[in-house]
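Encoded as structure tokens, the structure appears first; notes follow it.
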Amino acid sequence: ERSAPRSRPARDTAPRHRDTGLKQERAVRTRGQVLDAAAKAFATKGFPAVTVQDVAELAGVTKGAVYFHFANKEALAQAVAEEFYHVLGVIGQEVEEAGLPPLQAVSELLERTAVAFRDDTMVQAGARLQIERSLIGAEMPMPYLGYTESLTTWLRQARTEGHLAAGTSPEATARVLVSAFFGAQHISWVLNDRADIADRVQEILTAVVPLAAA
Ligand SMILES: CCC[C@@H]1OCC(CO)=C1C(=O)O
């Protein structure tokens, strides 16, 4: 006769679930530490000179822990560049949520971005990696266009609201602002490690925005 099915004790999911949760938490934390270390290394030494060992040492983890999260140095560069654009995106969202008049939003975006370039290692690393993109044998995010699009949207809104000087192109003005910002942050980085970038960006805004304003 068929044996009565053995009643099995309910699987005790708590410790395992808790254990998995802790493991996941630790993995997420380690990934963040590795990414921050990679940003510091890329920002200060540049992609070609950085080794995975450098990143492991800066993060205080083993090389194996780095390779657990990132297949190689190129993957680290891609992840840092993606995080760079995530940071720029958050700045854009914060300015959007501030509900400023469009020309003020343009200025606010560039002013906050200047501070991020001065103070945020992830941003500094992303900017340097984009300059070194031809040395990185991996697909890197498309630079400049997302930022230009954000500025163009606000400048078109300014035109719709009659705050743009007649004949001023929102698209061209956005490209001028991105080019000027890109150049200013690079020059500031070379000359004084971006200490004066906020002042340089203020000069751009003072020179360009009034010309665009109606
Ligand atoms: C914010 C202006 C553009 C920005 O400045 C440096 C850099 C690096 O690629 C940028 C980008 O990719 O959008």
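Residues in the structure tokens are named by chain (A, B, ... in the order shown) and by number from 1 within that chain; ligands are numbered from 1 in the order shown.
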For Thr51 (chain A), list every protein, DNA or RNA residue within 12 Å, evaluated using only C-alpha atoms, and leave out those in the same chain fewer than 3 positions away; present the list as a CSV table (one decimal) with N, CA and C atoms, in the first residue's frame.
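Full text of out-v2.csv as output:
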chain,number,residue,atom,x,y,z
A,37,ALA,N,35.3,53.4,-5.9
A,37,ALA,CA,36.8,53.3,-6.0
A,37,ALA,C,37.2,53.4,-7.5
A,38,ALA,N,36.5,52.9,-8.4
A,38,ALA,CA,36.8,52.9,-9.8
A,38,ALA,C,36.7,54.4,-10.3
A,41,ALA,N,39.7,56.3,-9.1
A,41,ALA,CA,40.9,55.9,-9.9
A,41,ALA,C,40.9,56.5,-11.3
A,42,PHE,N,39.7,56.3,-12.0
A,42,PHE,CA,39.6,56.9,-13.3
A,42,PHE,C,39.7,58.4,-13.3
A,45,LYS,N,43.7,59.0,-12.2
A,45,LYS,CA,44.8,58.4,-13.0
A,45,LYS,C,44.5,58.3,-14.5
A,46,GLY,N,43.2,58.3,-14.8
A,46,GLY,CA,42.8,58.0,-16.2
A,46,GLY,C,42.7,56.6,-16.6
A,47,PHE,N,41.8,56.2,-17.5
A,47,PHE,CA,41.5,54.8,-17.8
A,47,PHE,C,42.7,54.0,-18.1
A,48,PRO,N,43.6,54.4,-19.0
A,48,PRO,CA,44.7,53.6,-19.4
A,48,PRO,C,45.6,53.1,-18.3
A,54,ASP,N,44.3,48.2,-8.7
A,54,ASP,CA,44.2,49.5,-8.1
A,54,ASP,C,42.8,49.7,-7.5
A,55,VAL,N,41.8,49.3,-8.3
A,55,VAL,CA,40.4,49.5,-7.9
A,55,VAL,C,40.1,48.7,-6.7
A,56,ALA,N,40.5,47.4,-6.7
A,56,ALA,CA,40.3,46.5,-5.5
A,56,ALA,C,40.9,47.1,-4.3
A,57,GLU,N,42.2,47.6,-4.4
A,57,GLU,CA,42.9,48.2,-3.2
A,57,GLU,C,42.1,49.4,-2.7
A,58,LEU,N,41.7,50.3,-3.7
A,58,LEU,CA,41.0,51.5,-3.3
A,58,LEU,C,39.7,51.2,-2.6
A,63,LYS,N,40.4,41.3,-5.6
A,63,LYS,CA,40.2,41.4,-7.1
A,63,LYS,C,39.0,40.6,-7.4
A,66,VAL,N,35.9,42.4,-7.1
A,66,VAL,CA,35.6,43.3,-8.2
A,66,VAL,C,35.1,42.5,-9.4
A,72,ASN,N,35.4,43.3,-16.3
A,72,ASN,CA,36.7,43.8,-16.6
A,72,ASN,C,36.8,45.3,-16.4
A,73,LYS,N,37.9,45.9,-16.7
A,73,LYS,CA,38.1,47.3,-16.5
A,73,LYS,C,37.1,48.1,-17.4
A,74,GLU,N,36.9,47.6,-18.6
A,74,GLU,CA,36.0,48.3,-19.5
A,74,GLU,C,34.5,48.4,-18.9
A,76,LEU,N,33.8,48.4,-15.8
A,76,LEU,CA,33.9,49.4,-14.7
A,76,LEU,C,33.7,50.8,-15.4
A,77,ALA,N,34.4,51.1,-16.5
A,77,ALA,CA,34.3,52.4,-17.1
A,77,ALA,C,32.9,52.7,-17.6
Which protein, DNA or RNA residues have an atom within 6 Å of ligand 1, counting only C-alpha atoms and all ligand atoms, as a CSV table (one decimal) with N, CA, C and O atoms, in the first residue's frame?
chain,number,residue,atom,x,y,z
A,127,ALA,N,33.3,62.5,-16.9
A,127,ALA,CA,33.8,63.5,-17.8
A,127,ALA,C,35.1,63.0,-18.4
A,127,ALA,O,35.4,63.1,-19.6
A,130,GLN,N,34.8,60.1,-20.8
A,130,GLN,CA,34.3,60.4,-22.1
A,130,GLN,C,35.3,61.0,-23.0
A,130,GLN,O,35.3,60.8,-24.2
A,143,PRO,N,27.7,60.9,-25.4
A,143,PRO,CA,27.8,62.1,-24.6
A,143,PRO,C,27.1,63.3,-25.1
A,143,PRO,O,26.6,63.3,-26.3
A,144,TYR,N,26.8,64.3,-24.3
A,144,TYR,CA,26.4,65.7,-24.7
A,144,TYR,C,24.9,65.8,-25.1
A,144,TYR,O,24.2,66.7,-24.8
A,147,TYR,N,22.0,66.1,-22.4
A,147,TYR,CA,22.1,67.4,-21.7
A,147,TYR,C,21.6,68.5,-22.7
A,147,TYR,O,20.8,69.4,-22.3
A,178,VAL,N,26.0,74.0,-24.1
A,178,VAL,CA,26.7,72.7,-23.8
A,178,VAL,C,28.2,72.8,-24.2
A,178,VAL,O,29.0,72.4,-23.4
A,181,PHE,N,29.9,75.1,-21.7
A,181,PHE,CA,30.0,74.4,-20.4
A,181,PHE,C,31.1,73.3,-20.5
A,181,PHE,O,32.0,73.3,-19.7
A,182,PHE,N,31.1,72.5,-21.6
A,182,PHE,CA,32.1,71.4,-21.7
A,182,PHE,C,33.5,72.0,-21.7
A,182,PHE,O,34.4,71.6,-21.1
I'd like the neighbourhood of Gln124 (chain A) as a PDB file with N, CA, C and O atoms, in the first residue's frame, where a residue qualifies if any of its atoms comes within 9 Å (using only C-alpha atoms), though same-chain residues fewer than 2 positions away should be ignored.
ATOM      1  N   ALA A  39      35.664  55.107  -9.819  1.00  0.00           N
ATOM      2  CA  ALA A  39      35.511  56.516 -10.197  1.00  0.00           C
ATOM      3  C   ALA A  39      36.710  57.322  -9.724  1.00  0.00           C
ATOM      4  O   ALA A  39      37.282  58.116 -10.463  1.00  0.00           O
ATOM      5  N   LYS A  40      37.147  57.075  -8.500  1.00  0.00           N
ATOM      6  CA  LYS A  40      38.284  57.805  -7.949  1.00  0.00           C
ATOM      7  C   LYS A  40      39.540  57.516  -8.781  1.00  0.00           C
ATOM      8  O   LYS A  40      40.277  58.427  -9.171  1.00  0.00           O
ATOM      9  N   PHE A  42      39.702  56.328 -11.970  1.00  0.00           N
ATOM     10  CA  PHE A  42      39.588  56.863 -13.341  1.00  0.00           C
ATOM     11  C   PHE A  42      39.722  58.383 -13.347  1.00  0.00           C
ATOM     12  O   PHE A  42      40.335  58.967 -14.245  1.00  0.00           O
ATOM     13  N   ALA A  43      39.150  59.038 -12.336  1.00  0.00           N
ATOM     14  CA  ALA A  43      39.178  60.512 -12.303  1.00  0.00           C
ATOM     15  C   ALA A  43      40.601  61.021 -12.086  1.00  0.00           C
ATOM     16  O   ALA A  43      41.004  62.039 -12.655  1.00  0.00           O
ATOM     17  N   THR A  44      41.384  60.291 -11.270  1.00  0.00           N
ATOM     18  CA  THR A  44      42.717  60.813 -10.917  1.00  0.00           C
ATOM     19  C   THR A  44      43.814  60.281 -11.839  1.00  0.00           C
ATOM     20  O   THR A  44      44.722  61.017 -12.199  1.00  0.00           O
ATOM     21  N   PHE A  84      27.492  58.513 -14.045  1.00  0.00           N
ATOM     22  CA  PHE A  84      27.719  59.948 -14.332  1.00  0.00           C
ATOM     23  C   PHE A  84      26.450  60.553 -14.925  1.00  0.00           C
ATOM     24  O   PHE A  84      25.940  61.580 -14.451  1.00  0.00           O
ATOM     25  N   ALA A 116      28.450  69.981  -9.297  1.00  0.00           N
ATOM     26  CA  ALA A 116      28.659  68.518  -9.348  1.00  0.00           C
ATOM     27  C   ALA A 116      30.007  68.203  -9.986  1.00  0.00           C
ATOM     28  O   ALA A 116      30.752  67.339  -9.517  1.00  0.00           O
ATOM     29  N   PHE A 117      30.369  68.936 -11.041  1.00  0.00           N
ATOM     30  CA  PHE A 117      31.672  68.716 -11.678  1.00  0.00           C
ATOM     31  C   PHE A 117      32.800  69.070 -10.718  1.00  0.00           C
ATOM     32  O   PHE A 117      33.865  68.467 -10.738  1.00  0.00           O
ATOM     33  N   ARG A 118      32.557  70.058  -9.854  1.00  0.00           N
ATOM     34  CA  ARG A 118      33.618  70.473  -8.923  1.00  0.00           C
ATOM     35  C   ARG A 118      33.757  69.473  -7.787  1.00  0.00           C
ATOM     36  O   ARG A 118      34.867  69.170  -7.339  1.00  0.00           O
ATOM     37  N   ASP A 119      32.607  68.935  -7.300  1.00  0.00           N
ATOM     38  CA  ASP A 119      32.635  68.200  -6.044  1.00  0.00           C
ATOM     39  C   ASP A 119      32.433  66.692  -6.146  1.00  0.00           C
ATOM     40  O   ASP A 119      32.767  65.960  -5.218  1.00  0.00           O
ATOM     41  N   ASP A 120      31.860  66.208  -7.262  1.00  0.00           N
ATOM     42  CA  ASP A 120      31.447  64.806  -7.313  1.00  0.00           C
ATOM     43  C   ASP A 120      32.426  63.968  -8.139  1.00  0.00           C
ATOM     44  O   ASP A 120      32.525  64.132  -9.356  1.00  0.00           O
ATOM     45  N   THR A 121      33.119  63.059  -7.462  1.00  0.00           N
ATOM     46  CA  THR A 121      34.134  62.233  -8.142  1.00  0.00           C
ATOM     47  C   THR A 121      33.542  61.408  -9.277  1.00  0.00           C
ATOM     48  O   THR A 121      34.162  61.215 -10.320  1.00  0.00           O
ATOM     49  N   MET A 122      32.312  60.920  -9.097  1.00  0.00           N
ATOM     50  CA  MET A 122      31.664  60.118 -10.149  1.00  0.00           C
ATOM     51  C   MET A 122      31.497  60.962 -11.411  1.00  0.00           C
ATOM     52  O   MET A 122      31.725  60.492 -12.527  1.00  0.00           O
ATOM     53  N   GLY A 126      33.334  60.413 -14.956  1.00  0.00           N
ATOM     54  CA  GLY A 126      32.544  60.272 -16.186  1.00  0.00           C
ATOM     55  C   GLY A 126      33.025  61.223 -17.259  1.00  0.00           C
ATOM     56  O   GLY A 126      33.168  60.849 -18.425  1.00  0.00           O
ATOM     57  N   ALA A 127      33.327  62.455 -16.856  1.00  0.00           N
ATOM     58  CA  ALA A 127      33.798  63.451 -17.837  1.00  0.00           C
ATOM     59  C   ALA A 127      35.144  63.021 -18.427  1.00  0.00           C
ATOM     60  O   ALA A 127      35.354  63.077 -19.645  1.00  0.00           O
ATOM     61  N   ARG A 128      36.045  62.515 -17.571  1.00  0.00           N
ATOM     62  CA  ARG A 128      37.369  62.104 -18.073  1.00  0.00           C
ATOM     63  C   ARG A 128      37.240  60.858 -18.958  1.00  0.00           C
ATOM     64  O   ARG A 128      37.871  60.774 -20.017  1.00  0.00           O
ATOM     65  N   LEU A 129      36.404  59.924 -18.574  1.00  0.00           N
ATOM     66  CA  LEU A 129      36.215  58.702 -19.383  1.00  0.00           C
ATOM     67  C   LEU A 129      35.680  59.057 -20.763  1.00  0.00           C
ATOM     68  O   LEU A 129      36.071  58.474 -21.778  1.00  0.00           O
TER      69      LEU A 129
END
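The smallest atom-to-atom distance between Tyr85 (chain A) and any of A:Pro101, A:Gly146, A:Gly60, A:Gly32, using only C-alpha atoms, is found for A:Gly146.
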Write out as an mmCIF file with all heavy atoms, in the first residue's frame the residues lying within 9 Å of region 159-161 of chain A, counting only C-alpha atoms and excluding same-chain residues fewer than 5 positions away.
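Result went into part31.cif, see below:
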data_model
loop_
_atom_site.group_PDB
_atom_site.id
_atom_site.type_symbol
_atom_site.label_atom_id
_atom_site.label_comp_id
_atom_site.auth_asym_id
_atom_site.auth_seq_id
_atom_site.Cartn_x
_atom_site.Cartn_y
_atom_site.Cartn_z
ATOM 1 N N PRO A 102 11.454 79.002 -17.473
ATOM 2 C CA PRO A 102 12.396 78.229 -18.283
ATOM 3 C C PRO A 102 13.814 78.784 -18.381
ATOM 4 O O PRO A 102 14.771 78.030 -18.259
ATOM 5 C CB PRO A 102 11.723 78.176 -19.654
ATOM 6 C CG PRO A 102 10.600 79.121 -19.629
ATOM 7 C CD PRO A 102 10.216 79.322 -18.220
ATOM 8 N N TRP A 154 13.781 73.462 -22.408
ATOM 9 C CA TRP A 154 13.496 74.688 -21.645
ATOM 10 C C TRP A 154 13.533 75.923 -22.544
ATOM 11 O O TRP A 154 12.721 76.837 -22.410
ATOM 12 C CB TRP A 154 14.496 74.840 -20.491
ATOM 13 C CG TRP A 154 14.038 74.133 -19.266
ATOM 14 C CD1 TRP A 154 12.780 74.146 -18.728
ATOM 15 C CD2 TRP A 154 14.820 73.269 -18.427
ATOM 16 N NE1 TRP A 154 12.733 73.352 -17.609
ATOM 17 C CE2 TRP A 154 13.964 72.807 -17.393
ATOM 18 C CE3 TRP A 154 16.160 72.867 -18.427
ATOM 19 C CZ2 TRP A 154 14.403 71.959 -16.382
ATOM 20 C CZ3 TRP A 154 16.599 72.025 -17.410
ATOM 21 C CH2 TRP A 154 15.735 71.575 -16.415
ATOM 22 N N ALA A 166 13.514 87.437 -30.505
ATOM 23 C CA ALA A 166 13.074 87.049 -31.859
ATOM 24 C C ALA A 166 14.277 86.514 -32.640
ATOM 25 O O ALA A 166 15.383 87.057 -32.529
ATOM 26 C CB ALA A 166 12.494 88.272 -32.560
ATOM 27 N N THR A 168 15.956 83.911 -32.103
ATOM 28 C CA THR A 168 16.900 83.067 -31.345
ATOM 29 C C THR A 168 16.471 81.606 -31.466
ATOM 30 O O THR A 168 15.312 81.267 -31.206
ATOM 31 C CB THR A 168 16.893 83.470 -29.853
ATOM 32 O OG1 THR A 168 17.320 84.833 -29.776
ATOM 33 C CG2 THR A 168 17.848 82.594 -29.046
ATOM 34 N N SER A 169 17.424 80.755 -31.865
ATOM 35 C CA SER A 169 17.103 79.320 -32.007
ATOM 36 C C SER A 169 17.329 78.590 -30.685
ATOM 37 O O SER A 169 18.459 78.598 -30.162
ATOM 38 C CB SER A 169 18.002 78.696 -33.080
ATOM 39 O OG SER A 169 18.146 77.299 -32.845
ATOM 40 N N PRO A 170 16.284 77.954 -30.121
ATOM 41 C CA PRO A 170 16.481 77.168 -28.897
ATOM 42 C C PRO A 170 17.542 76.074 -29.082
ATOM 43 O O PRO A 170 18.392 75.865 -28.216
ATOM 44 C CB PRO A 170 15.105 76.552 -28.645
ATOM 45 C CG PRO A 170 14.132 77.429 -29.375
ATOM 46 C CD PRO A 170 14.873 77.931 -30.578
ATOM 47 N N ALA A 213 17.416 86.101 -24.107
ATOM 48 C CA ALA A 213 16.168 86.536 -23.450
ATOM 49 C C ALA A 213 15.490 87.652 -24.264
ATOM 50 O O ALA A 213 16.152 88.496 -24.844
ATOM 51 C CB ALA A 213 16.494 87.048 -22.051
ATOM 52 N N ALA A 214 14.190 87.600 -24.288
ATOM 53 C CA ALA A 214 13.417 88.602 -25.054
ATOM 54 C C ALA A 214 13.481 89.939 -24.319
ATOM 55 O O ALA A 214 13.596 89.955 -23.102
ATOM 56 C CB ALA A 214 11.965 88.149 -25.163
#
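Excluding Ala207 (chain A) and any residue on its chain fewer than 5 positions from it, the residues at most 12 Å away by only C-alpha atoms are Ser107, Thr173, Val176, Leu177, Ala180, Arg200, Val201, Gln202, Ala212 and Ala213 of chain A.
Reported to one decimal place, the separation of CA of Val90 (chain A) from CA of Ala158 (chain A) is 21.9 Å.
Across the structure, CA of Leu135 (chain A) and CA of Ala114 (chain A) are spaced 25.8 Å apart.
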Skipping near chain neighbours, those fewer than 3 positions away, what residues fall within 8 Å of Pro141 (chain A) using only C-alpha atoms, listed as a PyMOL selection string?
chain A and resi 78+81-82
Grab the residues selected above and save them as a PDB file, in the first residue's frame with all heavy atoms.
ATOM      1  N   GLN A  78      32.242  51.638 -18.177  1.00  0.00           N
ATOM      2  CA  GLN A  78      30.858  51.802 -18.639  1.00  0.00           C
ATOM      3  C   GLN A  78      29.920  52.099 -17.475  1.00  0.00           C
ATOM      4  O   GLN A  78      29.067  52.973 -17.564  1.00  0.00           O
ATOM      5  CB  GLN A  78      30.396  50.527 -19.350  1.00  0.00           C
ATOM      6  CG  GLN A  78      31.038  50.310 -20.715  1.00  0.00           C
ATOM      7  CD  GLN A  78      30.666  48.958 -21.317  1.00  0.00           C
ATOM      8  OE1 GLN A  78      30.776  47.929 -20.648  1.00  0.00           O
ATOM      9  NE2 GLN A  78      30.209  48.978 -22.550  1.00  0.00           N
ATOM     10  N   ALA A  81      30.479  55.651 -16.242  1.00  0.00           N
ATOM     11  CA  ALA A  81      29.905  56.617 -17.186  1.00  0.00           C
ATOM     12  C   ALA A  81      28.381  56.633 -17.070  1.00  0.00           C
ATOM     13  O   ALA A  81      27.755  57.703 -17.092  1.00  0.00           O
ATOM     14  CB  ALA A  81      30.329  56.273 -18.619  1.00  0.00           C
ATOM     15  N   GLU A  82      27.782  55.464 -16.911  1.00  0.00           N
ATOM     16  CA  GLU A  82      26.322  55.413 -16.743  1.00  0.00           C
ATOM     17  C   GLU A  82      25.896  56.135 -15.460  1.00  0.00           C
ATOM     18  O   GLU A  82      24.921  56.885 -15.447  1.00  0.00           O
ATOM     19  CB  GLU A  82      25.834  53.956 -16.737  1.00  0.00           C
ATOM     20  CG  GLU A  82      25.598  53.395 -18.142  1.00  0.00           C
ATOM     21  CD  GLU A  82      25.797  51.884 -18.215  1.00  0.00           C
ATOM     22  OE1 GLU A  82      25.541  51.234 -17.196  1.00  0.00           O
ATOM     23  OE2 GLU A  82      26.218  51.386 -19.275  1.00  0.00           O
TER      24      GLU A  82
END
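Interatomic distance, CA of Glu149 (chain A) to CA of His163 (chain A): 18.6 Å.
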Using DSSP on the backbone coordinates, identify the residues of region 75-176 of chain A assigned to alpha helix (DSSP H); present them as a count of residues only.
76
